[in-house]
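Presented below is the structure to which this report refers.
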Amino acid sequence: KHRRAKTVSRKSLSIRNNQRVSGTENMKTVLIFLFIVPLATSAGAEKDYSSDSAAAPETKSRFAMLDDVRILANGLLQLGHGLKDFVHKTKGQMNDIFQKLNIFDKSFYELSLQTSEIKEEEEQLRQTTARLQINNEEIKNLSQEMNSKIEYLIQNKIQLQEKVWGLEDKVTKLAVIQPTVQETNEISSLKVSRLQQDNHIKQLLKIVEDQHAQLDRQHNQIMELEDKLNHIELQEITDNSFIVAQTEPEVIPFPAHNSTAVTYKYDGAAPDCTALYNSGIRSSGIYTIKPNGSEAFNVYCEMKFGSSWTVIQNRVDGSLDFNQTWDTYEHGFGDLNEEFWLGLNKTYAITKQGNYILRIELQDWKENKRYIEYAFSLGSPDTDYTLQLSRISGNIPNALPEQIELRFSTTDHDMDIANDFNCPENYLGGWWHSECEETNLNGKYVTPRSRGRLDRGKGLYWKPKKGRYYLLKSTKIMIHPTDLKSFD
């Protein structure tokens with residue numbers, strides 16, 4: 001804005017200077033012309049008088065000169081009127097320019113005031129965010145201390161319970177025999193101690209619950225302030241990055257986009273990518289497989305970890321819309337070289353051959369990579385491809401329900417899982433929904449800059465039940481058999 005103001009000022013000054021210079025040159029021309037005309041007239045008169053002494057005057061020549069003078073005078077008069085009109089017009093243009101400059105100066109001043117106010121508000125928001133983050137850290141430390149105390153008390157409770165159980169055995173044995181006074185006092189004191197410990201544990205649990213509630217409120221306030229800062233600065237502070245673990249996480253190779261992948265044929269009708277690897281193939285790419293009892297189809301095989309995995313879902317840049325119909329999710333969609341969903345019927349044809357591992361690889365917008373692996377089973381089309389999971393390993397908290405039958409559903413094929421609430425319509429994309437949880441790896445692809453309140457539940461997130469949102473940049477779902485002998 002300052003540069004624009006300076007440019008406009010320079011242009012107005014240049015216009016005014018040009019007008020002044022042109023006016024000055026015109027005035028100089030008129031003055032010179034007015035100075036030359038009398039000289040020419042006097043010179044002509046003197047010439048006439050001299051010729052009059054030498055010879056007789058010629059009346060016709062004198063009248064001709066007077067006519068020229070009149071014509072010249074009329075021309076000068078018209079020139080004067082033209083200059084006068086030009087001066088008035090120039091003055092009007094200069095007044096218009098001055099008015100526009102005044103309006104621009106006023107607008108620039110108002111914009112400067114608004115900019116100062118926005119900077120002050122931004123600084124206040126930054127200070128408030130810093131204070132809230134400090135309070136949040138203090139509360140987290142206090143919560144950790146409380147948790148350690150609770151664990152200590154729970155251990156004491158277990159020890160007391162063991163003692164009580166021992167005393168109960170003694171009491172059972174003494175049902176006939178009268179207990180001594182000392183044993184009776186010991187039992188009473190232990191019961192009182194146990195009651196005190198229980199009350200203390202209940203108080204600590206209540207304190208911890210209050211602390212967790214306060215942490216949630218602080219977290220929500222920080223999220224709102226960060227959203228405001230994002231709106232003011234027009235930049236993203238991607239808080240949805242994975243929390244760095246204390247141990248070094250496993251490095252997950254995410255292969256670069258391969259637009260020239262080759263489709264291979266396997267003469268032995270391999271049941272999946274792992275069988276191709278065992279046959280000697282070592283290059284990632286598109287291959288044709290034929291699971292037992294199924295027709296042949298193409299899949300993308302990724303060679304890694306000393307074997308080969310069959311990829312059933314891949315998302316890298318949001319170029320493909322995953323808000324598809326039930327029929328499309330059942331048969332698959334997308335490009336195996338880019339983003340794609342293999343298809344529920346094809347995945348079922350592979351997994352019904354034996355036991356398989358489901359591996360999910362995630363990458364956030366800070367290039368952090370995490371993974372999680374499940375033992376799983378996939379139901380037939382009659383069960384709407386029911387999925388059951390059991391976590392095996394990984395370096396990120398679990399965000400999918402375990403040991404629960406999860407039915408696959410889409411907008412046009414919803415199973416009304418929770419209170420007639422349409423989960424696919426609310427979260428977009430087909431998925432194994434359960435109580436309409438936040439995690440949906442087939443949801444809308446959301447970048448940090450476009451994130452908003454309406455997109456939070458519809459985006460590509462990994463959301464554990466007790467944890468934060470992990471906004472994802474890329475996802476990959478792969479399967480691998482657990483028992484290779486099942487293909488013999």
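Following the order of the structure tokens, chains are lettered A, B, ..., residues in each are numbered from 1, and ligands are numbered from 1.
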
Members of range 300-392 of chain A assigned alpha helix (DSSP H) by DSSP, as a list in words |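 Taking range 300-392 of chain A and keeping alpha helix (DSSP H) gives Trp326, Asp327, Thr328, Tyr329, Glu330, His331, Leu344, Asn345, Lys346, Thr347, Tyr348, Ala349, Ile350 and Thr351 of chain A.
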
Store the residues picked out above in a file with C-alpha atoms, as an mmCIF file, in the first residue's frame.
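Result written to result14.cif:
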data_model
loop_
_atom_site.group_PDB
_atom_site.id
_atom_site.type_symbol
_atom_site.label_atom_id
_atom_site.label_comp_id
_atom_site.auth_asym_id
_atom_site.auth_seq_id
_atom_site.Cartn_x
_atom_site.Cartn_y
_atom_site.Cartn_z
ATOM 1 C CA TRP A 326 -21.710 -48.568 -2.491
ATOM 2 C CA ASP A 327 -21.368 -50.189 -5.919
ATOM 3 C CA THR A 328 -18.171 -48.232 -6.632
ATOM 4 C CA TYR A 329 -16.617 -49.158 -3.272
ATOM 5 C CA GLU A 330 -17.510 -52.786 -3.849
ATOM 6 C CA HIS A 331 -15.846 -53.010 -7.273
ATOM 7 C CA LEU A 344 -14.301 -54.789 -1.244
ATOM 8 C CA ASN A 345 -15.038 -57.855 -3.363
ATOM 9 C CA LYS A 346 -11.404 -58.128 -4.528
ATOM 10 C CA THR A 347 -10.078 -57.703 -0.984
ATOM 11 C CA TYR A 348 -12.490 -60.365 0.265
ATOM 12 C CA ALA A 349 -11.396 -62.738 -2.505
ATOM 13 C CA ILE A 350 -7.786 -62.393 -1.296
ATOM 14 C CA THR A 351 -8.388 -62.606 2.447
#

All residues 10 Å or closer to Asn135 in chain A, only C-alpha atoms, same chain fewer than 5 positions away omitted, as a list in words = Thr129, Ala130, Lys140, Asn141, Leu215 and Gln218 of chain A

Could those residues be written to a file, using N, CA and C atoms, as a PDB file, in the first residue's frame?
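Written out: selection-v5.pdb:
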ATOM      1  N   THR A 129      -2.401 -17.128  23.911  1.00  0.00           N
ATOM      2  CA  THR A 129      -2.067 -18.505  23.551  1.00  0.00           C
ATOM      3  C   THR A 129      -0.847 -19.003  24.339  1.00  0.00           C
ATOM      4  N   ALA A 130       0.137 -18.159  24.487  1.00  0.00           N
ATOM      5  CA  ALA A 130       1.337 -18.549  25.246  1.00  0.00           C
ATOM      6  C   ALA A 130       0.975 -18.851  26.704  1.00  0.00           C
ATOM      7  N   LYS A 140      -0.750 -30.719  32.819  1.00  0.00           N
ATOM      8  CA  LYS A 140      -0.288 -32.041  32.403  1.00  0.00           C
ATOM      9  C   LYS A 140       0.684 -32.631  33.422  1.00  0.00           C
ATOM     10  N   ASN A 141       1.625 -31.801  33.894  1.00  0.00           N
ATOM     11  CA  ASN A 141       2.574 -32.291  34.904  1.00  0.00           C
ATOM     12  C   ASN A 141       1.857 -32.718  36.176  1.00  0.00           C
ATOM     13  N   LEU A 215      -8.110 -29.885  31.331  1.00  0.00           N
ATOM     14  CA  LEU A 215      -7.205 -30.016  30.179  1.00  0.00           C
ATOM     15  C   LEU A 215      -7.976 -29.946  28.862  1.00  0.00           C
ATOM     16  N   GLN A 218      -8.869 -26.314  28.252  1.00  0.00           N
ATOM     17  CA  GLN A 218      -7.690 -25.561  27.818  1.00  0.00           C
ATOM     18  C   GLN A 218      -7.330 -25.900  26.374  1.00  0.00           C
TER      19      GLN A 218
END

Go through range 307-407 of chain A and flag each residue having an atom no more than 6 Å from range 290-302 of chain A; for those, report the closest pair of atoms plus their distance in Å to one decimal, using only C-alpha atoms, ordered by chain and rising number, as JSON lines.
{"residue": "A:Ser308", "atom": "CA", "partner": "A:Glu302", "partner_atom": "CA", "distance": 5.5}
{"residue": "A:Trp309", "atom": "CA", "partner": "A:Glu302", "partner_atom": "CA", "distance": 5.3}
{"residue": "A:Thr310", "atom": "CA", "partner": "A:Cys301", "partner_atom": "CA", "distance": 5.0}
{"residue": "A:Val311", "atom": "CA", "partner": "A:Tyr300", "partner_atom": "CA", "distance": 5.7}
{"residue": "A:Ile350", "atom": "CA", "partner": "A:Pro291", "partner_atom": "CA", "distance": 5.6}

CA of Thr274 in chain A to CA of Ser380 in chain A, distance in Å rounded to a single decimal =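 Those two atoms sit 22.4 Å apart.
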
Record the distance separating CA of Ala269 in chain A and CA of Lys352 in chain A, expressed in Å with one decimal.
-> 16.4 Å
